[in-house]
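**Q** One structure follows; several queries about it will come next.
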Amino acid sequence: MRNKLSIIAFMLLFVLTVSAQVKAKYVFYFIGDGMGVNQVNAAETYLGAMQGRIGTEPLCFPSFPYAAFVNTQSATNGVTDSAAGGTALACGQKTKNGTLGMLKDLVTPISSIADWARNSGAAVGITTSVAVDHATPAAFYAHVKERHEQYTIGKQLIESGNDFYAGSDFTIPNDPEYPNGTSLYESAVAKGFTIARGYAEYQKAADKAKRMILFQSEEASNADRYSIPYALDRKEGALSLTDITRAGIDFLMKKQGEKNGFFMMIEGGKIDWACHANDMAFIPELIDMDNAVRVAYEFYKQHPDETLIIVTADHETGGLVLARNLYELHLDVIGHQRITIERLGKELHKMHDVQGDKLEWNTVKTFITENFGFWDKVQLTDNQTKRLEDAFRKIMNGTSQDLKTLYQKDDELAVTVRNIQAECALVGWQVTGHSNGYVPCFAVGVGAERIHGRIDNTEIPKIVANIAGWKAE
């Protein structure tokens, strides 16, 4: 009997030892910027509503087996910004709002999980749906006092030693003090990067590239260099977060002859942008990020014993509330939205520029119906219709007041459409900035069981590094 117990104890110790030695070779780190718990809930509830029922239709990443609630406050503020939030998720340290890759003393630089992975021999990719020098991606490679030092951040990207970058573009590709000097594009090429414009160009260039930067087309950047298009506004052939994720996996796997595994950060940056504008377009944007997660999940299914996928957020944006004092919710209303509020405002301005004083309310009303379902699929009250007509008259007589939020400026009619849509859906927004609401963290794969309960955002990169066997420096 004693021998049997000894054998059982030995076998248990052996199993525990083997389990402890299992490391995550491939790590995906998704960050839904601005994605609070209610944003995720809204997307799944919306999908259920589109099936004509009350309840949720599960997305991929919220269905992962492990989850946690995450605290997000920064070192100096009860409500974090993306720079401090990104630094916490990248470096495992709190810092001052607005600061990237430095402690709140604004002197001491700190390393990130991208550095820990690279120094341990892994290939590294940093990707986003916005500019590569924006706050969240920059938190993984830059060290600056102020997030708006984009040209300096771009130079630090080039010197970072990482293998793969992707996003819309550089925000400021030329030195503001010496605009005719060497551009960041030229510096990147001199440092060994190949720059591809669009997914098709990436596919042609990837095999011969030592290091890669994937941008959207020059035409797209000329229209908006700060981000790739919203999922709701995206035209065929435009770069998507799914394209970026596929390209990142492909390129980082090509590096495996000289590298040992990879770390890849993928940011869904425009969830945040839509929430700053209180635009329900965040739902298709979140679903679009989920499609990118599905690409990583397919990779996980091929390498289940070597892969870890983490999906989290830097903060919640908008103070989203899924109620308006009635015990009802009508997210099916959002299914009739065909364009973002930002694009709606631009299209209305175009109509006014072209037709001038001849522009009629019925023309604008038809356009709103086609793109938001008002008066056809979404019934409005007389008061709501009057508010829209009044906003149209203000455009015509030149008294319309634009509303500026962090990433866009919308005219009064577009804002009125936005507000009435929220009223009809019974959705509320508290702010056009960030909140201190919990954000979620979902995990699947090797070591994913370490993500549970309530954790601080600074714990996540340390947990991931430990699972991967990377030394946090």
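Letters A, B, ... go to the chains of the structure tokens in the order shown; residues in each chain start at 1; ligands are counted from 1 in the same order.
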Any idea what's packed within 12 Å of A:Asp105, counting only C-alpha atoms, ignoring anything in its chain fewer than 3 positions away? Could you give it as a ChimeraX atom specification?

**A** /A:75-76,94-97,99-102,108-110,144-145

**Q** Taking the DSSP secondary structure from the backbone, can you list the residues of stretch 405-467 of chain A that are helix (DSSP H, G or I), as a PDB file with N, CA and C atoms, in the first residue's frame?

**A**
```
ATOM      1  N   GLU A 412     -24.094  69.774 -36.324  1.00  0.00           N
ATOM      2  CA  GLU A 412     -25.234  69.634 -35.419  1.00  0.00           C
ATOM      3  C   GLU A 412     -26.246  68.604 -35.909  1.00  0.00           C
ATOM      4  N   LEU A 413     -26.438  68.497 -37.207  1.00  0.00           N
ATOM      5  CA  LEU A 413     -27.402  67.538 -37.723  1.00  0.00           C
ATOM      6  C   LEU A 413     -26.909  66.105 -37.500  1.00  0.00           C
ATOM      7  N   ALA A 414     -25.628  65.842 -37.770  1.00  0.00           N
ATOM      8  CA  ALA A 414     -25.075  64.512 -37.536  1.00  0.00           C
ATOM      9  C   ALA A 414     -25.168  64.142 -36.056  1.00  0.00           C
ATOM     10  N   VAL A 415     -24.883  65.103 -35.168  1.00  0.00           N
ATOM     11  CA  VAL A 415     -24.975  64.854 -33.726  1.00  0.00           C
ATOM     12  C   VAL A 415     -26.417  64.570 -33.326  1.00  0.00           C
ATOM     13  N   THR A 416     -27.360  65.275 -33.940  1.00  0.00           N
ATOM     14  CA  THR A 416     -28.770  65.041 -33.634  1.00  0.00           C
ATOM     15  C   THR A 416     -29.196  63.641 -34.074  1.00  0.00           C
ATOM     16  N   VAL A 417     -28.734  63.213 -35.234  1.00  0.00           N
ATOM     17  CA  VAL A 417     -28.995  61.839 -35.684  1.00  0.00           C
ATOM     18  C   VAL A 417     -28.440  60.849 -34.666  1.00  0.00           C
ATOM     19  N   ARG A 418     -27.218  61.100 -34.220  1.00  0.00           N
ATOM     20  CA  ARG A 418     -26.575  60.229 -33.229  1.00  0.00           C
ATOM     21  C   ARG A 418     -27.404  60.150 -31.956  1.00  0.00           C
ATOM     22  N   ASN A 419     -27.832  61.291 -31.465  1.00  0.00           N
ATOM     23  CA  ASN A 419     -28.579  61.329 -30.208  1.00  0.00           C
ATOM     24  C   ASN A 419     -29.922  60.629 -30.319  1.00  0.00           C
ATOM     25  N   ILE A 420     -30.612  60.842 -31.428  1.00  0.00           N
ATOM     26  CA  ILE A 420     -31.930  60.220 -31.615  1.00  0.00           C
ATOM     27  C   ILE A 420     -31.786  58.716 -31.797  1.00  0.00           C
ATOM     28  N   GLN A 421     -30.764  58.271 -32.479  1.00  0.00           N
ATOM     29  CA  GLN A 421     -30.529  56.837 -32.610  1.00  0.00           C
ATOM     30  C   GLN A 421     -30.360  56.192 -31.234  1.00  0.00           C
ATOM     31  N   ALA A 422     -29.567  56.837 -30.359  1.00  0.00           N
ATOM     32  CA  ALA A 422     -29.360  56.315 -29.008  1.00  0.00           C
ATOM     33  C   ALA A 422     -30.671  56.285 -28.223  1.00  0.00           C
ATOM     34  N   GLU A 423     -31.500  57.318 -28.407  1.00  0.00           N
ATOM     35  CA  GLU A 423     -32.805  57.351 -27.738  1.00  0.00           C
ATOM     36  C   GLU A 423     -33.671  56.173 -28.183  1.00  0.00           C
ATOM     37  N   CYS A 424     -33.675  55.897 -29.469  1.00  0.00           N
ATOM     38  CA  CYS A 424     -34.503  54.823 -29.999  1.00  0.00           C
ATOM     39  C   CYS A 424     -33.975  53.436 -29.589  1.00  0.00           C
ATOM     40  N   ALA A 425     -32.665  53.331 -29.478  1.00  0.00           N
ATOM     41  CA  ALA A 425     -32.066  52.059 -29.053  1.00  0.00           C
ATOM     42  C   ALA A 425     -32.123  51.896 -27.540  1.00  0.00           C
ATOM     43  N   ALA A 448      -3.525  30.093 -19.637  1.00  0.00           N
ATOM     44  CA  ALA A 448      -4.664  31.026 -19.610  1.00  0.00           C
ATOM     45  C   ALA A 448      -5.390  31.004 -18.273  1.00  0.00           C
ATOM     46  N   GLU A 449      -5.292  29.901 -17.529  1.00  0.00           N
ATOM     47  CA  GLU A 449      -5.969  29.807 -16.239  1.00  0.00           C
ATOM     48  C   GLU A 449      -5.427  30.817 -15.221  1.00  0.00           C
ATOM     49  N   ARG A 450      -4.284  31.437 -15.532  1.00  0.00           N
ATOM     50  CA  ARG A 450      -3.722  32.459 -14.645  1.00  0.00           C
ATOM     51  C   ARG A 450      -4.528  33.763 -14.709  1.00  0.00           C
ATOM     52  N   GLU A 459      -0.600  43.821 -13.870  1.00  0.00           N
ATOM     53  CA  GLU A 459      -0.301  42.403 -13.656  1.00  0.00           C
ATOM     54  C   GLU A 459      -0.279  41.617 -14.962  1.00  0.00           C
ATOM     55  N   ILE A 460      -1.030  42.075 -15.968  1.00  0.00           N
ATOM     56  CA  ILE A 460      -1.225  41.263 -17.173  1.00  0.00           C
ATOM     57  C   ILE A 460       0.077  40.981 -17.906  1.00  0.00           C
ATOM     58  N   PRO A 461       0.916  41.994 -18.234  1.00  0.00           N
ATOM     59  CA  PRO A 461       2.154  41.670 -18.957  1.00  0.00           C
ATOM     60  C   PRO A 461       3.101  40.790 -18.144  1.00  0.00           C
ATOM     61  N   LYS A 462       3.093  40.944 -16.839  1.00  0.00           N
ATOM     62  CA  LYS A 462       3.962  40.118 -16.005  1.00  0.00           C
ATOM     63  C   LYS A 462       3.502  38.665 -16.000  1.00  0.00           C
ATOM     64  N   ILE A 463       2.192  38.467 -15.928  1.00  0.00           N
ATOM     65  CA  ILE A 463       1.648  37.106 -15.989  1.00  0.00           C
ATOM     66  C   ILE A 463       1.984  36.466 -17.331  1.00  0.00           C
ATOM     67  N   VAL A 464       1.762  37.222 -18.418  1.00  0.00           N
ATOM     68  CA  VAL A 464       2.031  36.695 -19.761  1.00  0.00           C
ATOM     69  C   VAL A 464       3.507  36.353 -19.922  1.00  0.00           C
ATOM     70  N   ALA A 465       4.386  37.248 -19.477  1.00  0.00           N
ATOM     71  CA  ALA A 465       5.828  36.984 -19.586  1.00  0.00           C
ATOM     72  C   ALA A 465       6.225  35.740 -18.813  1.00  0.00           C
ATOM     73  N   ASN A 466       5.640  35.566 -17.645  1.00  0.00           N
ATOM     74  CA  ASN A 466       5.939  34.385 -16.840  1.00  0.00           C
ATOM     75  C   ASN A 466       5.490  33.112 -17.541  1.00  0.00           C
ATOM     76  N   ILE A 467       4.318  33.165 -18.146  1.00  0.00           N
ATOM     77  CA  ILE A 467       3.807  31.990 -18.882  1.00  0.00           C
ATOM     78  C   ILE A 467       4.707  31.651 -20.059  1.00  0.00           C
TER      79      ILE A 467
END
```

**Q** Got a sec: who's within 8 Å of A:Phe170, counting only C-alpha atoms, leaving out chain neighbours fewer than 5 positions off, as a ChimeraX atom specification?

**A** /A:131-133,154,184,225-226

**Q** Store the residues picked out above in a file with all heavy atoms, as a PDB file, in the first residue's frame.

**A**
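What landed in result.pdb:
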```
ATOM      1  N   ALA A 131      -2.600  54.837 -36.309  1.00  0.00           N
ATOM      2  CA  ALA A 131      -1.208  55.098 -36.677  1.00  0.00           C
ATOM      3  C   ALA A 131      -0.258  54.326 -35.763  1.00  0.00           C
ATOM      4  O   ALA A 131      -0.525  54.144 -34.573  1.00  0.00           O
ATOM      5  CB  ALA A 131      -0.915  56.596 -36.585  1.00  0.00           C
ATOM      6  N   VAL A 132       0.876  53.885 -36.314  1.00  0.00           N
ATOM      7  CA  VAL A 132       1.825  53.067 -35.555  1.00  0.00           C
ATOM      8  C   VAL A 132       2.488  53.845 -34.426  1.00  0.00           C
ATOM      9  O   VAL A 132       3.063  53.243 -33.508  1.00  0.00           O
ATOM     10  CB  VAL A 132       2.904  52.455 -36.466  1.00  0.00           C
ATOM     11  CG1 VAL A 132       2.318  51.399 -37.383  1.00  0.00           C
ATOM     12  CG2 VAL A 132       3.635  53.546 -37.267  1.00  0.00           C
ATOM     13  N   ASP A 133       2.432  55.180 -34.479  1.00  0.00           N
ATOM     14  CA  ASP A 133       3.012  56.003 -33.424  1.00  0.00           C
ATOM     15  C   ASP A 133       1.957  56.526 -32.452  1.00  0.00           C
ATOM     16  O   ASP A 133       2.196  57.442 -31.672  1.00  0.00           O
ATOM     17  CB  ASP A 133       3.798  57.179 -34.020  1.00  0.00           C
ATOM     18  CG  ASP A 133       3.023  57.926 -35.097  1.00  0.00           C
ATOM     19  OD1 ASP A 133       1.776  57.848 -35.107  1.00  0.00           O
ATOM     20  OD2 ASP A 133       3.663  58.583 -35.944  1.00  0.00           O
ATOM     21  N   GLY A 154       8.178  57.979 -33.709  1.00  0.00           N
ATOM     22  CA  GLY A 154       8.480  57.300 -34.971  1.00  0.00           C
ATOM     23  C   GLY A 154       9.942  56.927 -35.094  1.00  0.00           C
ATOM     24  O   GLY A 154      10.302  55.842 -35.560  1.00  0.00           O
ATOM     25  N   LEU A 184      10.970  59.601 -42.082  1.00  0.00           N
ATOM     26  CA  LEU A 184      10.942  58.349 -41.331  1.00  0.00           C
ATOM     27  C   LEU A 184      10.898  57.147 -42.275  1.00  0.00           C
ATOM     28  O   LEU A 184      11.449  56.094 -41.958  1.00  0.00           O
ATOM     29  CB  LEU A 184       9.726  58.323 -40.394  1.00  0.00           C
ATOM     30  CG  LEU A 184       9.751  59.305 -39.221  1.00  0.00           C
ATOM     31  CD1 LEU A 184       8.463  59.169 -38.392  1.00  0.00           C
ATOM     32  CD2 LEU A 184      10.970  59.090 -38.336  1.00  0.00           C
ATOM     33  N   ARG A 225      -4.365  59.658 -42.705  1.00  0.00           N
ATOM     34  CA  ARG A 225      -3.169  58.923 -42.320  1.00  0.00           C
ATOM     35  C   ARG A 225      -3.234  58.452 -40.865  1.00  0.00           C
ATOM     36  O   ARG A 225      -2.416  57.665 -40.414  1.00  0.00           O
ATOM     37  CB  ARG A 225      -1.923  59.770 -42.539  1.00  0.00           C
ATOM     38  CG  ARG A 225      -1.746  60.944 -41.616  1.00  0.00           C
ATOM     39  CD  ARG A 225      -0.520  61.786 -41.987  1.00  0.00           C
ATOM     40  NE  ARG A 225       0.651  60.994 -42.263  1.00  0.00           N
ATOM     41  CZ  ARG A 225       1.138  60.753 -43.491  1.00  0.00           C
ATOM     42  NH1 ARG A 225       0.529  61.270 -44.554  1.00  0.00           N
ATOM     43  NH2 ARG A 225       2.205  60.023 -43.662  1.00  0.00           N
ATOM     44  N   TYR A 226      -4.212  58.964 -40.116  1.00  0.00           N
ATOM     45  CA  TYR A 226      -4.267  58.689 -38.685  1.00  0.00           C
ATOM     46  C   TYR A 226      -4.863  57.329 -38.348  1.00  0.00           C
ATOM     47  O   TYR A 226      -4.698  56.838 -37.225  1.00  0.00           O
ATOM     48  CB  TYR A 226      -5.052  59.788 -37.975  1.00  0.00           C
ATOM     49  CG  TYR A 226      -4.445  61.155 -38.172  1.00  0.00           C
ATOM     50  CD1 TYR A 226      -4.974  62.043 -39.102  1.00  0.00           C
ATOM     51  CD2 TYR A 226      -3.317  61.542 -37.447  1.00  0.00           C
ATOM     52  CE1 TYR A 226      -4.402  63.294 -39.303  1.00  0.00           C
ATOM     53  CE2 TYR A 226      -2.737  62.795 -37.638  1.00  0.00           C
ATOM     54  CZ  TYR A 226      -3.288  63.658 -38.563  1.00  0.00           C
ATOM     55  OH  TYR A 226      -2.708  64.897 -38.772  1.00  0.00           O
TER      56      TYR A 226
END
```

**Q** A:Thr171, A:Thr432, A:Asn77, A:Ser400: which is nearest A:Gln150, counting only C-alpha atoms?

**A**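 Distance minimum relative to A:Gln150 lands on A:Thr171.
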
**Q** Can you list, as a PyMOL selection string, every protein, DNA or RNA residue that comes within 7 Å of A:Ala323 when you count only C-alpha atoms, leaving out same-chain residues fewer than 4 positions away?

**A** chain A and resi 328-329+426-428
